[in-house]
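Content type mmCIF, C-alpha atoms, from the file protein.cif:
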data_start
loop_
_atom_site.label_atom_id
_atom_site.label_comp_id
_atom_site.auth_asym_id
_atom_site.auth_seq_id
_atom_site.Cartn_x
_atom_site.Cartn_y
_atom_site.Cartn_z
CA MET A 1 159.97 169.28 140.00
CA PRO A 2 156.61 167.82 138.90
CA HIS A 3 154.11 170.50 137.81
CA THR A 4 150.98 168.55 138.64
CA ASP A 5 149.08 171.83 138.98
CA LEU A 6 149.56 172.70 135.30
CA PRO A 7 146.34 172.49 133.28
CA LEU A 8 145.91 170.22 130.29
CA LEU A 9 145.89 172.32 127.12
CA VAL A 10 143.69 170.96 124.32
CA VAL A 11 143.61 172.02 120.66
CA VAL A 12 140.69 170.76 118.58
CA GLY A 13 138.87 171.60 115.36
CA ALA A 14 137.93 170.25 111.97
CA THR A 15 140.39 168.74 109.53
CA GLY A 16 142.38 171.42 107.72
CA THR A 17 142.09 174.17 110.34
CA GLY A 18 145.75 174.01 111.39
CA LYS A 19 145.66 172.22 114.74
CA SER A 20 149.15 170.76 114.41
CA GLY A 21 150.67 174.12 113.52
CA LEU A 22 149.02 175.84 116.46
CA SER A 23 150.13 173.14 118.88
CA LEU A 24 153.74 173.57 117.71
CA ASP A 25 153.49 177.36 118.00
CA LEU A 26 152.06 177.02 121.50
CA ALA A 27 154.84 174.67 122.59
CA GLU A 28 157.52 177.02 121.21
CA SER A 29 155.90 180.07 122.84
CA LEU A 30 155.75 178.30 126.18
CA ALA A 31 159.40 177.25 125.85
CA ALA A 32 160.35 180.86 125.11
CA ARG A 33 159.00 181.86 128.50
CA GLY A 34 160.72 178.98 130.28
CA GLN A 35 158.00 176.36 130.30
CA ALA A 36 158.80 173.12 128.44
CA ALA A 37 155.88 171.54 126.59
CA GLU A 38 155.15 168.19 124.95
CA ILE A 39 152.37 167.22 122.53
CA VAL A 40 149.99 164.24 122.78
CA ASN A 41 148.26 163.16 119.56
CA ALA A 42 144.50 162.55 119.62
CA ASP A 43 143.97 161.73 115.95
CA ALA A 44 142.87 158.09 115.74
CA MET A 45 144.46 157.37 112.38
CA GLN A 46 147.82 158.89 113.32
CA LEU A 47 148.18 156.11 115.88
CA TYR A 48 149.08 153.78 112.99
CA ARG A 49 152.62 153.19 111.80
CA GLY A 50 152.99 153.70 108.07
CA MET A 51 149.82 155.76 107.67
CA ASP A 52 151.48 159.13 107.17
CA ILE A 53 150.45 160.89 103.97
CA GLY A 54 146.71 160.30 104.26
CA THR A 55 146.63 161.35 107.92
CA ALA A 56 148.75 164.51 107.47
CA LYS A 57 151.07 163.18 110.18
CA LEU A 58 153.91 165.61 110.89
CA PRO A 59 157.24 164.14 109.77
CA LEU A 60 159.87 163.95 112.48
CA ASP A 61 161.91 166.78 110.95
CA GLU A 62 158.88 169.10 111.06
CA ARG A 63 158.15 168.64 114.77
CA ARG A 64 160.60 171.43 115.69
CA GLY A 65 162.34 169.25 118.23
CA ILE A 66 159.19 169.06 120.35
CA ARG A 67 158.49 165.67 121.88
CA HIS A 68 155.33 163.98 120.59
CA HIS A 69 153.37 161.09 122.09
CA MET A 70 150.73 158.65 120.77
CA LEU A 71 152.05 158.66 117.21
CA ASP A 72 152.96 155.38 115.45
CA VAL A 73 151.92 153.17 118.36
CA LEU A 74 149.84 150.60 116.43
CA ASP A 75 150.48 148.27 113.51
CA VAL A 76 147.96 148.61 110.70
CA THR A 77 146.73 145.10 111.46
CA GLU A 78 145.66 146.15 114.98
CA GLU A 79 142.32 147.66 115.96
CA ALA A 80 142.31 151.03 117.67
CA SER A 81 140.43 151.07 120.98
CA VAL A 82 139.17 154.26 122.59
CA ALA A 83 139.44 152.68 126.04
CA ASP A 84 143.09 151.73 125.41
CA PHE A 85 143.79 155.18 123.98
CA GLN A 86 142.30 156.83 127.07
CA ALA A 87 144.61 154.87 129.39
CA ASP A 88 147.72 155.36 127.26
CA ALA A 89 147.16 159.05 126.55
CA ARG A 90 146.47 159.82 130.20
CA ALA A 91 149.62 157.93 131.19
CA ALA A 92 151.59 160.02 128.67
CA ILE A 93 150.09 163.21 130.11
CA GLN A 94 150.97 162.17 133.66
CA GLY A 95 154.52 161.45 132.52
CA ILE A 96 154.78 164.91 130.91
CA LEU A 97 153.59 166.56 134.12
CA ALA A 98 156.05 164.49 136.15
CA ARG A 99 158.85 165.94 133.99
CA GLY A 100 157.64 169.45 134.80
CA ALA A 101 156.42 170.03 131.24
CA GLN A 102 153.14 171.33 129.86
CA PRO A 103 150.98 168.70 128.10
CA ILE A 104 149.16 169.76 124.91
CA LEU A 105 146.53 167.32 123.61
CA VAL A 106 145.81 167.92 119.93
CA GLY A 107 143.55 166.17 117.44
CA GLY A 108 140.25 166.03 115.61
CA SER A 109 138.92 162.61 116.64
CA GLY A 110 136.12 163.75 118.91
CA LEU A 111 135.54 160.58 120.89
CA TYR A 112 139.28 160.11 121.46
CA VAL A 113 139.70 163.68 122.71
CA SER A 114 136.62 163.38 124.91
CA SER A 115 137.76 160.08 126.41
CA VAL A 116 140.83 161.84 127.79
CA ILE A 117 139.45 165.16 128.98
CA TYR A 118 136.16 163.94 130.45
CA ASP A 119 135.50 161.34 133.10
CA PHE A 120 134.49 158.68 130.60
CA GLN A 121 133.76 155.21 131.92
CA PHE A 122 133.76 152.55 129.23
CA PRO A 123 131.21 149.72 129.62
CA GLY A 124 132.41 146.18 129.15
CA THR A 125 131.20 143.92 126.37
CA ASP A 126 128.58 141.20 125.99
CA PRO A 127 129.75 138.49 123.56
CA ALA A 128 126.20 137.32 122.77
CA ILE A 129 124.94 140.81 121.96
CA ARG A 130 128.09 141.60 120.01
CA GLU A 131 127.83 138.41 117.94
CA ARG A 132 124.17 139.08 117.11
CA LEU A 133 124.83 142.69 116.09
CA GLU A 134 127.85 141.72 114.00
CA ALA A 135 125.73 139.13 112.18
CA GLU A 136 123.12 141.83 111.57
CA LEU A 137 125.84 144.10 110.18
CA VAL A 138 126.93 141.42 107.72
CA ALA A 139 123.36 140.61 106.72
CA THR A 140 121.98 144.13 106.30
CA GLY A 141 125.03 146.35 105.86
CA PRO A 142 126.19 149.39 107.85
CA GLY A 143 123.49 151.65 106.39
CA MET A 144 120.67 149.72 108.08
CA VAL A 145 122.62 149.45 111.34
CA HIS A 146 123.21 153.20 111.22
CA ARG A 147 119.45 153.79 110.85
CA ARG A 148 118.80 151.63 113.91
CA LEU A 149 121.39 153.52 115.93
CA ARG A 150 119.97 156.88 114.83
CA GLU A 151 116.62 155.89 116.34
CA VAL A 152 118.04 155.20 119.81
CA ASP A 153 121.22 157.30 119.89
CA PRO A 154 121.20 160.10 117.27
CA VAL A 155 124.26 161.82 118.76
CA ALA A 156 126.43 158.71 118.41
CA ALA A 157 124.99 158.03 114.95
CA GLU A 158 125.95 161.53 113.79
CA ALA A 159 129.44 161.28 115.27
CA ILE A 160 130.18 157.79 113.86
CA GLY A 161 128.63 158.18 110.43
CA PRO A 162 126.99 155.50 108.28
CA SER A 163 130.03 153.51 107.15
CA ASN A 164 131.99 152.52 110.28
CA GLY A 165 130.30 149.20 111.01
CA ARG A 166 132.52 148.27 113.94
CA ARG A 167 131.78 151.45 115.88
CA LEU A 168 128.07 151.31 114.99
CA VAL A 169 127.90 147.81 116.45
CA ARG A 170 129.71 148.95 119.58
CA ALA A 171 127.32 151.87 120.13
CA LEU A 172 124.28 149.60 119.78
CA GLU A 173 125.90 147.04 122.09
CA VAL A 174 126.38 149.68 124.78
CA PHE A 175 122.79 150.83 124.41
CA GLU A 176 121.44 147.28 124.72
CA MET A 177 123.66 146.54 127.73
CA THR A 178 123.03 149.76 129.67
CA GLY A 179 119.86 151.27 128.27
CA VAL A 180 121.76 154.53 128.04
CA PRO A 181 122.76 156.06 124.68
CA PHE A 182 126.54 156.05 124.36
CA GLY A 183 126.47 159.48 122.71
CA SER A 184 123.62 161.01 124.68
CA GLY A 185 125.61 164.10 125.53
CA LEU A 186 129.12 164.40 126.82
CA PRO A 187 129.66 164.53 130.57
CA SER A 188 129.21 168.07 131.81
CA ALA A 189 132.11 170.38 132.55
CA ASP A 190 132.13 169.38 136.21
CA THR A 191 133.23 165.88 135.24
CA LEU A 192 136.50 166.91 133.58
CA TRP A 193 139.33 164.49 134.29
CA ARG A 194 141.60 167.33 135.41
CA ASP A 195 141.97 171.10 135.01
CA THR A 196 141.62 171.60 131.25
CA ARG A 197 141.73 174.58 128.85
CA ILE A 198 140.24 173.87 125.42
CA VAL A 199 140.93 175.89 122.28
CA GLY A 200 138.99 175.22 119.09
CA LEU A 201 139.94 176.38 115.60
CA ARG A 202 137.05 177.38 113.35
CA ALA A 203 136.84 178.27 109.68
CA PRO A 204 133.92 179.49 107.55
CA ARG A 205 132.65 176.59 105.48
CA GLU A 206 133.16 178.48 102.22
CA GLU A 207 136.85 178.92 103.13
CA LEU A 208 137.41 175.44 104.54
CA LEU A 209 136.02 173.43 101.61
CA PRO A 210 138.69 174.54 99.09
CA VAL A 211 141.36 173.83 101.71
CA LEU A 212 140.02 170.31 102.20
CA ASP A 213 139.77 169.64 98.46
CA ALA A 214 143.34 170.85 97.92
CA ARG A 215 144.50 168.68 100.80
CA VAL A 216 143.00 165.58 99.18
CA GLU A 217 144.61 166.41 95.83
CA ARG A 218 147.94 166.82 97.64
CA MET A 219 147.58 163.40 99.27
CA TRP A 220 147.62 161.79 95.84
CA SER A 221 150.41 163.98 94.49
CA ASP A 222 152.50 163.25 97.61
CA GLY A 223 152.30 159.50 97.03
CA LEU A 224 149.30 158.13 98.95
CA VAL A 225 148.77 155.34 96.41
CA ALA A 226 152.36 154.12 96.81
CA GLU A 227 151.97 154.28 100.60
CA VAL A 228 148.83 152.14 100.40
CA GLU A 229 150.51 149.68 98.00
CA ALA A 230 153.20 149.14 100.64
CA LEU A 231 150.64 148.65 103.42
CA LEU A 232 148.24 146.26 101.68
CA PRO A 233 150.54 143.19 101.84
CA LEU A 234 150.67 143.63 105.63
CA GLY A 235 146.93 143.01 105.87
CA LEU A 236 145.09 146.16 106.92
CA GLY A 237 142.83 145.77 109.93
CA VAL A 238 139.20 146.91 109.82
CA THR A 239 139.90 150.37 111.21
CA ALA A 240 142.91 151.13 109.04
CA ALA A 241 141.24 149.76 105.91
CA ARG A 242 138.26 152.11 106.36
CA ALA A 243 140.29 155.27 106.93
CA ILE A 244 139.27 158.10 104.64
CA GLY A 245 141.61 158.18 101.66
CA TYR A 246 143.12 154.77 102.40
CA ALA A 247 139.98 152.84 101.49
CA GLN A 248 139.67 154.79 98.24
CA ALA A 249 143.36 154.48 97.35
CA ALA A 250 143.19 150.74 98.06
CA ALA A 251 140.21 150.44 95.70
CA GLN A 252 142.27 152.27 93.08
CA VAL A 253 145.21 149.91 93.59
CA ARG A 254 142.88 146.92 93.16
CA GLY A 255 141.56 148.42 89.91
CA GLU A 256 138.02 148.82 91.22
CA ILE A 257 137.91 152.58 90.58
CA GLY A 258 140.06 155.10 88.77
CA GLN A 259 142.13 157.84 90.37
CA GLU A 260 139.64 160.60 89.56
CA GLU A 261 136.82 158.73 91.31
CA ALA A 262 139.07 157.85 94.25
CA VAL A 263 139.97 161.51 94.75
CA GLU A 264 136.36 162.67 94.40
CA LEU A 265 135.10 160.08 96.89
CA THR A 266 137.82 161.00 99.38
CA ALA A 267 137.05 164.70 99.05
CA ALA A 268 133.32 164.11 99.64
CA LEU A 269 133.99 161.94 102.71
CA THR A 270 136.48 164.47 104.07
CA ARG A 271 133.89 167.25 103.82
CA LYS A 272 131.32 165.11 105.65
CA TYR A 273 133.85 164.22 108.34
CA ALA A 274 134.70 167.88 108.88
CA ARG A 275 131.00 168.62 109.43
CA ARG A 276 130.79 165.86 112.05
CA GLN A 277 133.88 167.21 113.79
CA VAL A 278 132.38 170.69 114.02
CA SER A 279 129.13 169.27 115.44
CA TRP A 280 131.03 167.25 118.04
CA PHE A 281 133.26 170.03 119.34
CA ARG A 282 130.41 172.55 119.49
CA ARG A 283 129.09 170.55 122.44
CA TYR A 284 132.13 171.44 124.57
CA ASP A 285 130.93 174.05 127.06
CA ALA A 286 134.39 175.22 128.06
CA ILE A 287 135.84 175.72 124.57
CA ARG A 288 137.41 179.00 123.44
CA TRP A 289 136.93 179.38 119.67
CA LEU A 290 139.60 181.06 117.54
CA ASP A 291 139.62 181.86 113.83
CA TYR A 292 141.88 179.40 112.02
CA ASN A 293 143.69 182.14 110.08
CA ASP A 294 143.94 184.75 112.84
CA PRO A 295 147.59 185.92 112.98
CA GLN A 296 147.15 186.41 116.73
CA ARG A 297 145.75 182.96 117.38
CA THR A 298 148.82 181.72 119.27
CA GLN A 299 148.67 184.66 121.67
CA ALA A 300 144.93 184.17 122.10
CA ALA A 301 145.44 180.48 122.81
CA LEU A 302 148.11 181.30 125.40
CA ALA A 303 145.73 183.77 127.04
CA ALA A 304 143.05 181.06 127.18
CA ALA A 305 145.59 178.69 128.73
CA ASP A 306 146.51 181.26 131.36
CA ALA A 307 142.91 182.14 132.23
#
Once you've parsed the file, please lay out its structure as structure tokens.
Amino acid sequence: MPHTDLPLLVVVGATGTGKSGLSLDLAESLAARGQAAEIVNADAMQLYRGMDIGTAKLPLDERRGIRHHMLDVLDVTEEASVADFQADARAAIQGILARGAQPILVGGSGLYVSSVIYDFQFPGTDPAIRERLEAELVATGPGMVHRRLREVDPVAAEAIGPSNGRRLVRALEVFEMTGVPFGSGLPSADTLWRDTRIVGLRAPREELLPVLDARVERMWSDGLVAEVEALLPLGLGVTAARAIGYAQAAAQVRGEIGQEEAVELTAALTRKYARRQVSWFRRYDAIRWLDYNDPQRTQAALAAADA
């Protein structure tokens, strides 16, 4: 029997706060009380096949038999699209509900999460504007484009960061086409796509930073460089090539930097990304924050889901 009245459960938070673990614990707890659950990934880089170590993608044998969606759906040569993700993730959620199961959306990519849970409408594209902005990106570099975006759309500039040229161009294109900043505040809670319960995991910065640094060290010890060596001959697309950790490991493979510098650069970028994630999710009015290391966090998340 379809359970179309079930809410969408959402687990968000910065890198390293344990979102995947909580989503698995939630799914198992729901199953224990007779409610099947399935998980939908909302981490942009986990969409890519072959990008496993650097994205902390859960191996199949660690998913506890729980069905996952939106993992390994793109080749590394393809470009991820938020609009495509929105359509595919929502279709997965509708399918889960049709099976009478509880959907759990989990991830740290703020725009991807928001595209699903809020009533986002994606503007089209203007080839002339896009071509001009892309030429500007090549001529001046992403830093200058980021400064321009910060002047007209500081929220999008903060969320995107100064190095993702493709997304910077897209944000400026939207602004020029519509006159409305793409990141000028998320839609308010009354524009949710469907009934949604959001749980956020938080960690004190002084506790999270060592976790993030250790995670980066573990990426290298677990074989990130070998993973990148196998991917490079395939021809990484723009998005995959700029992923944190992958860009640095690729530079190491090419002999442009040493391993120590690659690890240090990745750690610094990971810390910056975590700060942007926290800033993004703080704007969610309906979020229920939980401490990342609270032993009762699963019960608290279930209570938030039942509220």
On this file, the PyMOL selection byres ((chain A and resi 147) around 12) gives some set of residues; write that set as JSON, numbers by chain.
-> {"A": [137, 140, 141, 142, 143, 144, 145, 146, 148, 149, 150, 151, 152, 153, 154, 156, 157, 158, 160, 161, 162, 163, 165, 168, 169, 172]}
Residues as selected, C-alpha atoms, written as a PDB file, in the coordinates of the input, can you do that?
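out34.pdb written:
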ATOM      1  CA  LEU A 137     125.840 144.100 110.180  1.00  0.00           C
ATOM      2  CA  THR A 140     121.980 144.130 106.300  1.00  0.00           C
ATOM      3  CA  GLY A 141     125.030 146.350 105.860  1.00  0.00           C
ATOM      4  CA  PRO A 142     126.190 149.390 107.850  1.00  0.00           C
ATOM      5  CA  GLY A 143     123.490 151.650 106.390  1.00  0.00           C
ATOM      6  CA  MET A 144     120.670 149.720 108.080  1.00  0.00           C
ATOM      7  CA  VAL A 145     122.620 149.450 111.340  1.00  0.00           C
ATOM      8  CA  HIS A 146     123.210 153.200 111.220  1.00  0.00           C
ATOM      9  CA  ARG A 148     118.800 151.630 113.910  1.00  0.00           C
ATOM     10  CA  LEU A 149     121.390 153.520 115.930  1.00  0.00           C
ATOM     11  CA  ARG A 150     119.970 156.880 114.830  1.00  0.00           C
ATOM     12  CA  GLU A 151     116.620 155.890 116.340  1.00  0.00           C
ATOM     13  CA  VAL A 152     118.040 155.200 119.810  1.00  0.00           C
ATOM     14  CA  ASP A 153     121.220 157.300 119.890  1.00  0.00           C
ATOM     15  CA  PRO A 154     121.200 160.100 117.270  1.00  0.00           C
ATOM     16  CA  ALA A 156     126.430 158.710 118.410  1.00  0.00           C
ATOM     17  CA  ALA A 157     124.990 158.030 114.950  1.00  0.00           C
ATOM     18  CA  GLU A 158     125.950 161.530 113.790  1.00  0.00           C
ATOM     19  CA  ILE A 160     130.180 157.790 113.860  1.00  0.00           C
ATOM     20  CA  GLY A 161     128.630 158.180 110.430  1.00  0.00           C
ATOM     21  CA  PRO A 162     126.990 155.500 108.280  1.00  0.00           C
ATOM     22  CA  SER A 163     130.030 153.510 107.150  1.00  0.00           C
ATOM     23  CA  GLY A 165     130.300 149.200 111.010  1.00  0.00           C
ATOM     24  CA  LEU A 168     128.070 151.310 114.990  1.00  0.00           C
ATOM     25  CA  VAL A 169     127.900 147.810 116.450  1.00  0.00           C
ATOM     26  CA  LEU A 172     124.280 149.600 119.780  1.00  0.00           C
TER      27      LEU A 172
END
Target residues per the PyMOL selection byres ((chain A and resi 106-116) around 6), formatted as a CSV table (one decimal) with C-alpha atoms, keeping the file's coordinate frame:
chain,number,residue,atom,x,y,z
A,10,VAL,CA,143.7,171.0,124.3
A,11,VAL,CA,143.6,172.0,120.7
A,12,VAL,CA,140.7,170.8,118.6
A,13,GLY,CA,138.9,171.6,115.4
A,41,ASN,CA,148.3,163.2,119.6
A,42,ALA,CA,144.5,162.6,119.6
A,43,ASP,CA,144.0,161.7,116.0
A,82,VAL,CA,139.2,154.3,122.6
A,86,GLN,CA,142.3,156.8,127.1
A,105,LEU,CA,146.5,167.3,123.6
A,117,ILE,CA,139.4,165.2,129.0
A,118,TYR,CA,136.2,163.9,130.4
A,120,PHE,CA,134.5,158.7,130.6
Pro127 (chain A) environment, 12 Å, all atoms listed in the file, sequence neighbours closer than 4 positions dropped, as a ChimeraX atom specification = /A:131-134,169-170,173-174,177
Take the PyMOL selection byres ((chain A and resi 217) around 12), run it mentally on this structure, and tell me the resulting residues as a compact mmCIF listing (two decimals) with C-alpha atoms, in the frame of the given file.
# COMPACT_ATOMS: atom_id res chain seq x y z
CA ILE A 53 150.45 160.89 103.97
CA GLY A 54 146.71 160.30 104.26
CA PRO A 210 138.69 174.54 99.09
CA VAL A 211 141.36 173.83 101.71
CA LEU A 212 140.02 170.31 102.20
CA ASP A 213 139.77 169.64 98.46
CA ALA A 214 143.34 170.85 97.92
CA ARG A 215 144.50 168.68 100.80
CA VAL A 216 143.00 165.58 99.18
CA ARG A 218 147.94 166.82 97.64
CA MET A 219 147.58 163.40 99.27
CA TRP A 220 147.62 161.79 95.84
CA SER A 221 150.41 163.98 94.49
CA ASP A 222 152.50 163.25 97.61
CA GLY A 223 152.30 159.50 97.03
CA LEU A 224 149.30 158.13 98.95
CA VAL A 225 148.77 155.34 96.41
CA GLY A 245 141.61 158.18 101.66
CA GLN A 259 142.13 157.84 90.37
CA GLU A 260 139.64 160.60 89.56
CA GLU A 261 136.82 158.73 91.31
CA ALA A 262 139.07 157.85 94.25
CA VAL A 263 139.97 161.51 94.75
CA GLU A 264 136.36 162.67 94.40
CA LEU A 265 135.10 160.08 96.89
CA THR A 266 137.82 161.00 99.38
CA ALA A 267 137.05 164.70 99.05
CA THR A 270 136.48 164.47 104.07
For Ala240 (chain A), work out the shell of residues within 10 Å, counting all atoms listed in the file and skipping chain neighbours fewer than 3 positions away, then give it as JSON, numbers by chain.
-> {"A": [44, 45, 47, 48, 51, 75, 76, 77, 78, 79, 80, 231, 235, 236, 237, 243, 244, 246, 247]}
Skip Leu26 (chain A) itself and residues of its chain fewer than 2 positions away, then list as a ChimeraX atom specification all residues within 8 Å of it, counting all atoms listed in the file.
-> /A:22-24,28-30,298,301-302
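Using all atoms listed in the file, the smallest distance between any of A:Gly16, A:Pro233, A:Gly255, A:Pro123 and Tyr273 (chain A) comes from A:Gly16.
Here CA of Gly258 (chain A) stands at a distance of 23.0 Å from CA of Leu234 (chain A).
Taking CA of Asp126 (chain A) as the reference point, CA of Ala87 (chain A) is found at 21.3 Å.
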Nearest to Gly50 (chain A): which of A:Trp280, A:Glu136, A:Leu290, A:Glu229 is it, counting only C-alpha atoms?
-> A:Glu229
Contacts of Ile96 (chain A) at 10 Å or less, counting only C-alpha atoms, minus same-chain residues fewer than 2 places along, as a PyMOL selection string?
-> chain A and resi 2-4+36-40+67+69+90-94+98-104
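You will find CA of Tyr284 (chain A) at 15.0 Å from CA of Leu8 (chain A).
You can rank A:Ile66, A:Ile257, A:Leu9, A:Leu269 by their closest distance to Arg288 (chain A) using all atoms listed in the file, and at the top of that list sits A:Leu9.
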